[in-house]
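Chemist: Provided herewith: start09.cif, mmCIF, C-alpha atoms, pLDDT in the B column; chains and numbers go by the auth columns.
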```
data_coords
#
loop_
_atom_site.group_PDB
_atom_site.id
_atom_site.type_symbol
_atom_site.label_atom_id
_atom_site.label_comp_id
_atom_site.label_asym_id
_atom_site.label_seq_id
_atom_site.Cartn_x
_atom_site.Cartn_y
_atom_site.Cartn_z
_atom_site.B_iso_or_equiv
_atom_site.auth_seq_id
_atom_site.auth_asym_id
ATOM 1 C CA MET A 1 -79.945 -10.768 -25.330 46.00 67 A
ATOM 2 C CA ASN A 2 -83.073 -9.533 -23.612 49.00 68 A
ATOM 3 C CA LYS A 3 -84.201 -5.918 -23.461 50.00 69 A
ATOM 4 C CA ILE A 4 -82.872 -5.256 -19.978 56.00 70 A
ATOM 5 C CA THR A 5 -79.414 -6.681 -20.658 75.00 71 A
ATOM 6 C CA LEU A 6 -78.932 -4.829 -23.960 86.00 72 A
ATOM 7 C CA ARG A 7 -80.168 -1.507 -22.566 88.00 73 A
ATOM 8 C CA TYR A 8 -78.094 -1.943 -19.421 89.00 74 A
ATOM 9 C CA SER A 9 -74.964 -2.785 -21.431 91.00 75 A
ATOM 10 C CA ILE A 10 -75.374 0.253 -23.669 93.00 76 A
ATOM 11 C CA LEU A 11 -75.950 2.546 -20.688 95.00 77 A
ATOM 12 C CA ILE A 12 -72.796 1.259 -18.994 95.00 78 A
ATOM 13 C CA ALA A 13 -70.807 1.648 -22.223 95.00 79 A
ATOM 14 C CA ALA A 14 -72.072 5.228 -22.623 96.00 80 A
ATOM 15 C CA ILE A 15 -71.130 6.094 -19.027 97.00 81 A
ATOM 16 C CA LEU A 16 -67.656 4.549 -19.366 95.00 82 A
ATOM 17 C CA GLY A 17 -67.190 6.306 -22.710 95.00 83 A
ATOM 18 C CA MET A 18 -68.066 9.648 -21.140 95.00 84 A
ATOM 19 C CA ALA A 19 -65.646 8.994 -18.288 95.00 85 A
ATOM 20 C CA MET A 20 -62.822 8.150 -20.690 93.00 86 A
ATOM 21 C CA LEU A 21 -63.385 11.398 -22.604 94.00 87 A
ATOM 22 C CA ARG A 22 -61.775 13.058 -19.585 91.00 88 A
ATOM 23 C CA LEU A 23 -58.446 11.601 -20.762 88.00 89 A
ATOM 24 C CA ILE A 24 -58.513 13.702 -23.927 89.00 90 A
ATOM 25 C CA PRO A 25 -56.865 17.114 -23.495 87.00 91 A
ATOM 26 C CA HIS A 26 -59.532 19.732 -22.861 88.00 92 A
ATOM 27 C CA TYR A 27 -60.064 23.277 -21.678 89.00 93 A
ATOM 28 C CA PRO A 28 -60.459 23.374 -17.866 88.00 94 A
ATOM 29 C CA ASN A 29 -63.766 21.919 -16.686 88.00 95 A
ATOM 30 C CA ILE A 30 -65.130 21.233 -20.167 93.00 96 A
ATOM 31 C CA THR A 31 -65.673 17.571 -19.459 94.00 97 A
ATOM 32 C CA PRO A 32 -68.639 15.199 -19.564 95.00 98 A
ATOM 33 C CA ILE A 33 -68.760 14.404 -15.835 94.00 99 A
ATOM 34 C CA GLY A 34 -71.847 16.524 -15.085 96.00 100 A
ATOM 35 C CA ALA A 35 -73.648 15.070 -18.102 97.00 101 A
ATOM 36 C CA MET A 36 -72.504 11.595 -17.077 97.00 102 A
ATOM 37 C CA ALA A 37 -74.057 12.007 -13.613 98.00 103 A
ATOM 38 C CA LEU A 38 -77.319 13.350 -15.041 98.00 104 A
ATOM 39 C CA PHE A 39 -77.397 10.589 -17.674 98.00 105 A
ATOM 40 C CA GLY A 40 -76.992 7.873 -15.035 97.00 106 A
ATOM 41 C CA GLY A 41 -79.688 9.435 -12.874 97.00 107 A
ATOM 42 C CA ALA A 42 -82.056 9.714 -15.796 97.00 108 A
ATOM 43 C CA TYR A 43 -81.695 6.317 -17.448 96.00 109 A
ATOM 44 C CA PHE A 44 -80.905 3.637 -14.861 94.00 110 A
ATOM 45 C CA SER A 45 -84.148 2.251 -13.500 90.00 111 A
ATOM 46 C CA LYS A 46 -82.508 0.916 -10.341 92.00 112 A
ATOM 47 C CA LYS A 47 -81.405 3.940 -8.360 94.00 113 A
ATOM 48 C CA TRP A 48 -78.430 2.183 -6.757 95.00 114 A
ATOM 49 C CA GLN A 49 -77.110 1.634 -10.307 95.00 115 A
ATOM 50 C CA ALA A 50 -77.801 5.293 -11.156 96.00 116 A
ATOM 51 C CA PHE A 51 -75.374 6.263 -8.394 97.00 117 A
ATOM 52 C CA LEU A 52 -72.881 3.401 -8.360 97.00 118 A
ATOM 53 C CA ILE A 53 -72.097 3.195 -12.085 97.00 119 A
ATOM 54 C CA PRO A 54 -71.381 6.908 -12.745 97.00 120 A
ATOM 55 C CA LEU A 55 -69.492 7.256 -9.438 96.00 121 A
ATOM 56 C CA GLY A 56 -67.486 4.126 -10.275 96.00 122 A
ATOM 57 C CA ALA A 57 -66.733 5.461 -13.762 96.00 123 A
ATOM 58 C CA LEU A 58 -65.618 8.784 -12.259 94.00 124 A
ATOM 59 C CA PHE A 59 -63.340 6.920 -9.843 92.00 125 A
ATOM 60 C CA ILE A 60 -61.839 4.791 -12.655 92.00 126 A
ATOM 61 C CA SER A 61 -61.213 7.875 -14.790 91.00 127 A
ATOM 62 C CA ASP A 62 -59.661 9.688 -11.801 89.00 128 A
ATOM 63 C CA ILE A 63 -57.227 6.809 -11.320 87.00 129 A
ATOM 64 C CA ALA A 64 -56.415 6.811 -15.053 88.00 130 A
ATOM 65 C CA ILE A 65 -55.851 10.578 -15.072 85.00 131 A
ATOM 66 C CA ASN A 66 -53.635 10.432 -12.000 82.00 132 A
ATOM 67 C CA PHE A 67 -51.628 7.535 -13.397 81.00 133 A
ATOM 68 C CA ILE A 68 -51.391 8.609 -17.060 78.00 134 A
ATOM 69 C CA VAL A 69 -51.340 12.401 -16.822 75.00 135 A
ATOM 70 C CA TYR A 70 -49.685 12.994 -13.452 74.00 136 A
ATOM 71 C CA GLN A 71 -47.760 9.695 -13.427 71.00 137 A
ATOM 72 C CA LYS A 72 -48.572 8.928 -9.825 75.00 138 A
ATOM 73 C CA PHE A 73 -50.990 6.534 -8.235 67.00 139 A
ATOM 74 C CA VAL A 74 -53.362 8.586 -6.085 65.00 140 A
ATOM 75 C CA LEU A 75 -56.740 7.281 -5.011 67.00 141 A
ATOM 76 C CA PHE A 76 -57.952 10.313 -3.077 65.00 142 A
ATOM 77 C CA HIS A 77 -57.061 14.002 -2.941 67.00 143 A
ATOM 78 C CA SER A 78 -57.952 16.791 -0.534 68.00 144 A
ATOM 79 C CA MET A 79 -61.124 17.635 -2.485 74.00 145 A
ATOM 80 C CA TRP A 80 -62.386 14.109 -3.201 77.00 146 A
ATOM 81 C CA LEU A 81 -65.226 14.236 -0.668 84.00 147 A
ATOM 82 C CA GLY A 82 -66.602 17.485 -2.095 84.00 148 A
ATOM 83 C CA VAL A 83 -66.170 16.359 -5.690 88.00 149 A
ATOM 84 C CA TYR A 84 -67.773 12.942 -5.210 92.00 150 A
ATOM 85 C CA GLY A 85 -70.455 14.354 -2.909 93.00 151 A
ATOM 86 C CA SER A 86 -71.459 16.974 -5.467 95.00 152 A
ATOM 87 C CA PHE A 87 -71.328 14.331 -8.193 96.00 153 A
ATOM 88 C CA ALA A 88 -73.722 12.117 -6.196 97.00 154 A
ATOM 89 C CA LEU A 89 -76.052 15.102 -5.729 97.00 155 A
ATOM 90 C CA ILE A 90 -75.949 15.684 -9.491 98.00 156 A
ATOM 91 C CA VAL A 91 -76.995 12.065 -10.050 98.00 157 A
ATOM 92 C CA GLY A 92 -79.871 12.837 -7.670 97.00 158 A
ATOM 93 C CA LEU A 93 -80.780 15.852 -9.825 97.00 159 A
ATOM 94 C CA GLY A 94 -80.926 13.515 -12.810 97.00 160 A
ATOM 95 C CA VAL A 95 -83.213 11.132 -10.924 97.00 161 A
ATOM 96 C CA ILE A 96 -85.566 13.931 -9.851 97.00 162 A
ATOM 97 C CA ILE A 97 -85.531 16.441 -12.708 97.00 163 A
ATOM 98 C CA LEU A 98 -85.164 14.022 -15.629 97.00 164 A
ATOM 99 C CA LYS A 99 -88.086 11.683 -14.957 95.00 165 A
ATOM 100 C CA LYS A 100 -89.377 13.127 -18.223 95.00 166 A
ATOM 101 C CA ILE A 101 -86.565 13.731 -20.673 96.00 167 A
ATOM 102 C CA ASN A 102 -87.085 16.771 -22.858 97.00 168 A
ATOM 103 C CA ALA A 103 -84.944 19.743 -23.883 97.00 169 A
ATOM 104 C CA LYS A 104 -86.281 22.045 -21.134 98.00 170 A
ATOM 105 C CA ASN A 105 -85.598 19.528 -18.363 98.00 171 A
ATOM 106 C CA VAL A 106 -82.135 18.615 -19.682 98.00 172 A
ATOM 107 C CA ILE A 107 -81.155 22.306 -19.922 98.00 173 A
ATOM 108 C CA PHE A 108 -82.473 23.008 -16.411 98.00 174 A
ATOM 109 C CA ALA A 109 -80.753 19.923 -14.958 98.00 175 A
ATOM 110 C CA SER A 110 -77.498 20.769 -16.739 98.00 176 A
ATOM 111 C CA LEU A 111 -77.431 24.337 -15.443 98.00 177 A
ATOM 112 C CA SER A 112 -78.398 23.146 -11.942 98.00 178 A
ATOM 113 C CA ALA A 113 -75.599 20.564 -12.035 98.00 179 A
ATOM 114 C CA SER A 114 -73.037 23.193 -13.046 98.00 180 A
ATOM 115 C CA LEU A 115 -74.088 25.591 -10.312 97.00 181 A
ATOM 116 C CA LEU A 116 -74.211 22.854 -7.677 97.00 182 A
ATOM 117 C CA PHE A 117 -70.699 21.696 -8.556 96.00 183 A
ATOM 118 C CA TYR A 118 -69.409 25.282 -8.554 97.00 184 A
ATOM 119 C CA ILE A 119 -70.909 26.057 -5.140 96.00 185 A
ATOM 120 C CA ILE A 120 -69.722 22.844 -3.481 95.00 186 A
ATOM 121 C CA SER A 121 -66.272 22.633 -5.083 91.00 187 A
ATOM 122 C CA ASN A 122 -65.367 26.259 -4.410 92.00 188 A
ATOM 123 C CA PHE A 123 -66.601 25.990 -0.844 93.00 189 A
ATOM 124 C CA GLY A 124 -64.414 22.899 -0.513 90.00 190 A
ATOM 125 C CA VAL A 125 -61.382 24.747 -1.869 88.00 191 A
ATOM 126 C CA TRP A 126 -61.988 27.499 0.664 90.00 192 A
ATOM 127 C CA VAL A 127 -62.261 24.974 3.521 88.00 193 A
ATOM 128 C CA VAL A 128 -59.338 22.653 2.663 86.00 194 A
ATOM 129 C CA ASP A 129 -57.056 25.027 0.725 74.00 195 A
ATOM 130 C CA PRO A 130 -53.603 23.608 1.515 60.00 196 A
ATOM 131 C CA ILE A 131 -51.719 26.835 0.751 68.00 197 A
ATOM 132 C CA ASN A 132 -54.162 29.181 2.512 72.00 198 A
ATOM 133 C CA MET A 133 -54.778 31.197 -0.611 85.00 199 A
ATOM 134 C CA TYR A 134 -58.217 32.164 0.707 87.00 200 A
ATOM 135 C CA PRO A 135 -58.514 33.157 4.375 87.00 201 A
ATOM 136 C CA ASN A 136 -61.298 31.464 6.336 86.00 202 A
ATOM 137 C CA THR A 137 -63.405 34.606 6.384 89.00 203 A
ATOM 138 C CA GLY A 138 -66.431 35.779 4.425 91.00 204 A
ATOM 139 C CA THR A 139 -64.099 37.843 2.264 91.00 205 A
ATOM 140 C CA GLY A 140 -61.928 34.785 1.629 91.00 206 A
ATOM 141 C CA LEU A 141 -64.967 32.723 0.613 92.00 207 A
ATOM 142 C CA PHE A 142 -66.154 35.496 -1.695 94.00 208 A
ATOM 143 C CA ALA A 143 -62.673 35.717 -3.261 93.00 209 A
ATOM 144 C CA CYS A 144 -62.669 31.955 -3.765 93.00 210 A
ATOM 145 C CA TYR A 145 -66.016 32.078 -5.588 96.00 211 A
ATOM 146 C CA ILE A 146 -64.854 34.990 -7.747 96.00 212 A
ATOM 147 C CA ALA A 147 -61.650 33.131 -8.657 94.00 213 A
ATOM 148 C CA GLY A 148 -63.754 30.116 -9.643 94.00 214 A
ATOM 149 C CA LEU A 149 -65.934 31.993 -12.152 95.00 215 A
ATOM 150 C CA PRO A 150 -63.809 31.091 -15.229 93.00 216 A
ATOM 151 C CA TYR A 151 -64.110 27.429 -14.221 94.00 217 A
ATOM 152 C CA LEU A 152 -67.868 27.824 -13.795 96.00 218 A
ATOM 153 C CA LEU A 153 -68.139 29.004 -17.394 95.00 219 A
ATOM 154 C CA GLY A 154 -66.218 25.945 -18.575 95.00 220 A
ATOM 155 C CA THR A 155 -68.394 23.677 -16.439 97.00 221 A
ATOM 156 C CA ILE A 156 -71.606 25.206 -17.814 97.00 222 A
ATOM 157 C CA PHE A 157 -70.374 24.851 -21.390 97.00 223 A
ATOM 158 C CA GLY A 158 -69.183 21.269 -20.825 97.00 224 A
ATOM 159 C CA ASP A 159 -72.378 20.209 -19.049 97.00 225 A
ATOM 160 C CA PHE A 160 -74.603 21.753 -21.745 97.00 226 A
ATOM 161 C CA PHE A 161 -72.562 20.410 -24.634 97.00 227 A
ATOM 162 C CA TYR A 162 -72.171 16.847 -23.377 97.00 228 A
ATOM 163 C CA SER A 163 -75.742 16.680 -22.066 98.00 229 A
ATOM 164 C CA ALA A 164 -77.034 17.795 -25.459 97.00 230 A
ATOM 165 C CA VAL A 165 -74.871 15.254 -27.288 97.00 231 A
ATOM 166 C CA PHE A 166 -75.463 12.231 -25.079 97.00 232 A
ATOM 167 C CA PHE A 167 -79.138 12.735 -24.233 97.00 233 A
ATOM 168 C CA THR A 168 -79.994 13.496 -27.867 97.00 234 A
ATOM 169 C CA ALA A 169 -77.971 10.543 -29.141 96.00 235 A
ATOM 170 C CA PHE A 170 -79.489 8.086 -26.686 96.00 236 A
ATOM 171 C CA GLU A 171 -83.035 9.335 -27.287 95.00 237 A
ATOM 172 C CA LEU A 172 -82.532 9.013 -31.063 94.00 238 A
ATOM 173 C CA VAL A 173 -81.070 5.509 -30.742 93.00 239 A
ATOM 174 C CA GLN A 174 -83.895 4.515 -28.375 91.00 240 A
ATOM 175 C CA SER A 175 -86.518 5.758 -30.826 89.00 241 A
ATOM 176 C CA ARG A 176 -84.871 3.799 -33.655 89.00 242 A
ATOM 177 C CA PHE A 177 -84.308 0.591 -31.685 85.00 243 A
ATOM 178 C CA LEU A 178 -87.327 -0.046 -29.505 77.00 244 A
ATOM 179 C CA VAL A 179 -85.500 -2.887 -27.753 75.00 245 A
ATOM 180 C CA LEU A 180 -83.644 -0.144 -25.841 78.00 246 A
ATOM 181 C CA LYS A 181 -86.825 1.389 -24.410 78.00 247 A
ATOM 182 C CA PRO A 182 -87.283 0.786 -20.688 78.00 248 A
ATOM 183 C CA ILE A 183 -89.804 -1.836 -19.721 66.00 249 A
ATOM 184 C CA LYS A 184 -92.850 -0.359 -17.984 59.00 250 A
ATOM 185 C CA ILE A 185 -93.852 -2.469 -15.011 51.00 251 A
#
```
Here is the file; what I need is its structure written in the form of C-alpha cells.

Modeler:
Amino acid sequence: MNKITLRYSILIAAILGMAMLRLIPHYPNITPIGAMALFGGAYFSKKWQAFLIPLGALFISDIAINFIVYQKFVLFHSMWLGVYGSFALIVGLGVIILKKINAKNVIFASLSASLLFYIISNFGVWVVDPINMYPNTGTGLFACYIAGLPYLLGTIFGDFFYSAVFFTAFELVQSRFLVLKPIKI
C-alpha cells in the first residue's frame, strides 16, 4: 500500500468511526460531528474529499439513527438544510483554521464550530418550527436562542472533547508512523 492509500484509508475509517459514535447513547449534542467536520477539513488534501466524506458519513449515521433509534426510514427532516449547511461550513473552518494543527488552532476551530452550529441551527428552528413554539419576531428568535443554550453547552463540550481525542490521536499516530504523513508536493 502506498502512502496516499494508507493515509486515505485511515482518515476514512476515523471519519466513519466518529459518525458511528453517534449511535451510542449520549447526552444531547455531545457527539463527534463537529470534530468530524473539522478533522475532514484539516486532513484531507483534496478539498472535495474534505467535504464529501464527512458529509457522507453524517448522512449515513443519520439514516442509521433514524432506522435504529426511531425505527423509521427518513432521509431528510425539516432542519436538514440548516444542519448540513452548518456542517459544510464547519468543514470549511477546518480547511481554513487548521492548516497548521496545534492546540490553539484546534481549540479555536472547535469553539467556532460550536458557535456556528448553535447560531445556524437555532435560527433554523425559529424559521421552520412546525409547532410555532417561537413566534417569527425578534422576541421569538431571542427566546429560541435562549432555549438552545443548554444544547450549546453540550455541543461545546462534545466538540472540544472529540476534537482533543481525535486530533491528538491522529497526530500521535502520524508522528509514530511516518508513512501516514501527507506528501508535500

Chemist: Could you list the residues chosen by the PyMOL selection byres ((chain A and resi 95) around 7) in this structure as a list in words?

Modeler: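 With the PyMOL selection byres ((chain A and resi 95) around 7) on this model, the match is Tyr93, Pro94, Ile96, Thr97, Tyr217, Gly220, Thr221 and Gly224 of chain A.
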
Chemist: Can you measure CA of Leu89 (chain A) to CA of Ser127 (chain A) for me? One decimal in Å is fine.

Modeler: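 Interatomic distance here is 7.6 Å.
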
Chemist: For a cutoff of 6 Å around the file-coordinate point (-77.4, 5.8, -14.2), which residues qualify once you count all atoms listed in the file? I'd like the result as an mmCIF file with C-alpha atoms, in the frame of the given file.

Modeler:
```cif
data_model
loop_
_atom_site.group_PDB
_atom_site.id
_atom_site.type_symbol
_atom_site.label_atom_id
_atom_site.label_comp_id
_atom_site.auth_asym_id
_atom_site.auth_seq_id
_atom_site.Cartn_x
_atom_site.Cartn_y
_atom_site.Cartn_z
ATOM 1 C CA PHE A 105 -77.397 10.589 -17.674
ATOM 2 C CA GLY A 106 -76.992 7.873 -15.035
ATOM 3 C CA GLY A 107 -79.688 9.435 -12.874
ATOM 4 C CA TYR A 109 -81.695 6.317 -17.448
ATOM 5 C CA PHE A 110 -80.905 3.637 -14.861
ATOM 6 C CA GLN A 115 -77.110 1.634 -10.307
ATOM 7 C CA ALA A 116 -77.801 5.293 -11.156
#
```

Chemist: I'd like to see the residues matched by the PyMOL selection byres ((chain A and resi 108) around 10) on this file, and ideally I'd get them as a VMD selection string.

Modeler: chain A and resid 102 to 107 109 to 111 113 116 157 to 167 172 233

Chemist: For the residues in the current selection, export C-alpha atoms as a PDB file, in the frame of the given file.

Modeler:
```
ATOM      1  CA  MET A 102     -72.504  11.595 -17.077  1.00 97.00           C
ATOM      2  CA  ALA A 103     -74.057  12.007 -13.613  1.00 98.00           C
ATOM      3  CA  LEU A 104     -77.319  13.350 -15.041  1.00 98.00           C
ATOM      4  CA  PHE A 105     -77.397  10.589 -17.674  1.00 98.00           C
ATOM      5  CA  GLY A 106     -76.992   7.873 -15.035  1.00 97.00           C
ATOM      6  CA  GLY A 107     -79.688   9.435 -12.874  1.00 97.00           C
ATOM      7  CA  TYR A 109     -81.695   6.317 -17.448  1.00 96.00           C
ATOM      8  CA  PHE A 110     -80.905   3.637 -14.861  1.00 94.00           C
ATOM      9  CA  SER A 111     -84.148   2.251 -13.500  1.00 90.00           C
ATOM     10  CA  LYS A 113     -81.405   3.940  -8.360  1.00 94.00           C
ATOM     11  CA  ALA A 116     -77.801   5.293 -11.156  1.00 96.00           C
ATOM     12  CA  VAL A 157     -76.995  12.065 -10.050  1.00 98.00           C
ATOM     13  CA  GLY A 158     -79.871  12.837  -7.670  1.00 97.00           C
ATOM     14  CA  LEU A 159     -80.780  15.852  -9.825  1.00 97.00           C
ATOM     15  CA  GLY A 160     -80.926  13.515 -12.810  1.00 97.00           C
ATOM     16  CA  VAL A 161     -83.213  11.132 -10.924  1.00 97.00           C
ATOM     17  CA  ILE A 162     -85.566  13.931  -9.851  1.00 97.00           C
ATOM     18  CA  ILE A 163     -85.531  16.441 -12.708  1.00 97.00           C
ATOM     19  CA  LEU A 164     -85.164  14.022 -15.629  1.00 97.00           C
ATOM     20  CA  LYS A 165     -88.086  11.683 -14.957  1.00 95.00           C
ATOM     21  CA  LYS A 166     -89.377  13.127 -18.223  1.00 95.00           C
ATOM     22  CA  ILE A 167     -86.565  13.731 -20.673  1.00 96.00           C
ATOM     23  CA  VAL A 172     -82.135  18.615 -19.682  1.00 98.00           C
ATOM     24  CA  PHE A 233     -79.138  12.735 -24.233  1.00 97.00           C
TER      25      PHE A 233
END
```

Chemist: Evaluate the PyMOL selection byres ((chain A and resi 198-214) around 12) on the structure here and hand back the selected residues as an MDAnalysis selection string.

Modeler: chainID A and resid 94:95 181 183:197 215:221

Chemist: My list of candidates is A:Ala123, A:Leu155, A:Leu147, A:Ala230. Which is closest to Asn168 (chain A) when distances are computed with only C-alpha atoms?

Modeler: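 Distance minimum relative to Asn168 (chain A) lands on A:Ala230.
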
Chemist: How many Å lie between CA of Gln240 (chain A) and CA of Asp128 (chain A), rounded to one decimal?

Modeler: 29.8 Å

Chemist: Which is closest to Tyr228 (chain A) among A:Ile129, A:Val135, A:Ile76, A:Leu87, if we use all atoms listed in the file?

Modeler: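 Going through A:Ile129, A:Val135, A:Ile76, A:Leu87 one by one, the smallest distance to Tyr228 (chain A) is for A:Leu87.
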
Chemist: Which of these residues is nearest to Arg73 (chain A), using only C-alpha atoms: A:Ile126, A:Met86, A:Leu244, A:Ala175?

Modeler: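 Ranked by minimum distance to Arg73 (chain A), first place goes to A:Leu244.
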
Chemist: Around the point (-72.8, 17.7, -15.2) (coordinates from the file), which residues reach within 6 Å if we count all atoms listed in the file? Answer as number ranges by chain.

Modeler: A: 99-101, 176, 179-180, 225

Chemist: Would you mind reading off the distance between CA of Tyr136 (chain A) and CA of Met84 (chain A), one decimal, in Å?

Modeler: 20.2 Å

Chemist: Using all atoms listed in the file, can you tell me which of A:Ala154, A:Ala235, A:Ile90, A:Leu72 comes closest to Leu118 (chain A)?

Modeler: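 Using all atoms listed in the file, the shortest distance to Leu118 (chain A) belongs to A:Ala154.
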
Chemist: Take region 230-249 of chain A, model N, CA and C atoms, and hand the result over as an mmCIF file, keeping the file's coordinate frame.

Modeler:
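As written to disk, rebuild_11.cif reads:
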```cif
data_model
loop_
_atom_site.group_PDB
_atom_site.id
_atom_site.type_symbol
_atom_site.label_atom_id
_atom_site.label_comp_id
_atom_site.auth_asym_id
_atom_site.auth_seq_id
_atom_site.Cartn_x
_atom_site.Cartn_y
_atom_site.Cartn_z
ATOM 1 N N ALA A 230 -76.337 17.736 -24.166
ATOM 2 C CA ALA A 230 -77.034 17.795 -25.459
ATOM 3 C C ALA A 230 -76.642 16.624 -26.343
ATOM 4 N N VAL A 231 -75.357 16.337 -26.425
ATOM 5 C CA VAL A 231 -74.871 15.254 -27.288
ATOM 6 C C VAL A 231 -75.372 13.890 -26.816
ATOM 7 N N PHE A 232 -75.155 13.582 -25.544
ATOM 8 C CA PHE A 232 -75.463 12.231 -25.079
ATOM 9 C C PHE A 232 -76.948 11.974 -24.883
ATOM 10 N N PHE A 233 -77.695 12.941 -24.381
ATOM 11 C CA PHE A 233 -79.138 12.735 -24.233
ATOM 12 C C PHE A 233 -79.807 12.652 -25.602
ATOM 13 N N THR A 234 -79.416 13.532 -26.515
ATOM 14 C CA THR A 234 -79.994 13.496 -27.867
ATOM 15 C C THR A 234 -79.652 12.187 -28.556
ATOM 16 N N ALA A 235 -78.393 11.783 -28.483
ATOM 17 C CA ALA A 235 -77.971 10.543 -29.141
ATOM 18 C C ALA A 235 -78.727 9.341 -28.585
ATOM 19 N N PHE A 236 -78.822 9.249 -27.257
ATOM 20 C CA PHE A 236 -79.489 8.086 -26.686
ATOM 21 C C PHE A 236 -80.983 8.096 -26.992
ATOM 22 N N GLU A 237 -81.605 9.259 -26.954
ATOM 23 C CA GLU A 237 -83.035 9.335 -27.287
ATOM 24 C C GLU A 237 -83.269 8.948 -28.747
ATOM 25 N N LEU A 238 -82.387 9.381 -29.651
ATOM 26 C CA LEU A 238 -82.532 9.013 -31.063
ATOM 27 C C LEU A 238 -82.333 7.506 -31.264
ATOM 28 N N VAL A 239 -81.325 6.949 -30.622
ATOM 29 C CA VAL A 239 -81.070 5.509 -30.742
ATOM 30 C C VAL A 239 -82.242 4.723 -30.146
ATOM 31 N N GLN A 240 -82.748 5.175 -29.012
ATOM 32 C CA GLN A 240 -83.895 4.515 -28.375
ATOM 33 C C GLN A 240 -85.134 4.546 -29.269
ATOM 34 N N SER A 241 -85.341 5.662 -29.956
ATOM 35 C CA SER A 241 -86.518 5.758 -30.826
ATOM 36 C C SER A 241 -86.363 4.878 -32.064
ATOM 37 N N ARG A 242 -85.144 4.640 -32.475
ATOM 38 C CA ARG A 242 -84.871 3.799 -33.655
ATOM 39 C C ARG A 242 -84.892 2.316 -33.301
ATOM 40 N N PHE A 243 -84.386 1.984 -32.127
ATOM 41 C CA PHE A 243 -84.308 0.591 -31.685
ATOM 42 C C PHE A 243 -85.142 0.427 -30.424
ATOM 43 N N LEU A 244 -86.376 0.041 -30.611
ATOM 44 C CA LEU A 244 -87.327 -0.046 -29.505
ATOM 45 C C LEU A 244 -86.896 -1.026 -28.417
ATOM 46 N N VAL A 245 -85.997 -1.940 -28.738
ATOM 47 C CA VAL A 245 -85.500 -2.887 -27.753
ATOM 48 C C VAL A 245 -84.771 -2.161 -26.618
ATOM 49 N N LEU A 246 -84.363 -0.926 -26.854
ATOM 50 C CA LEU A 246 -83.644 -0.144 -25.841
ATOM 51 C C LEU A 246 -84.578 0.641 -24.933
ATOM 52 N N LYS A 247 -85.849 0.679 -25.255
ATOM 53 C CA LYS A 247 -86.825 1.389 -24.410
ATOM 54 C C LYS A 247 -86.939 0.674 -23.076
ATOM 55 N N PRO A 248 -87.110 1.434 -21.993
ATOM 56 C CA PRO A 248 -87.283 0.786 -20.688
ATOM 57 C C PRO A 248 -88.598 0.018 -20.644
ATOM 58 N N ILE A 249 -88.598 -1.043 -19.891
ATOM 59 C CA ILE A 249 -89.804 -1.836 -19.721
ATOM 60 C C ILE A 249 -90.654 -1.202 -18.637
#
```
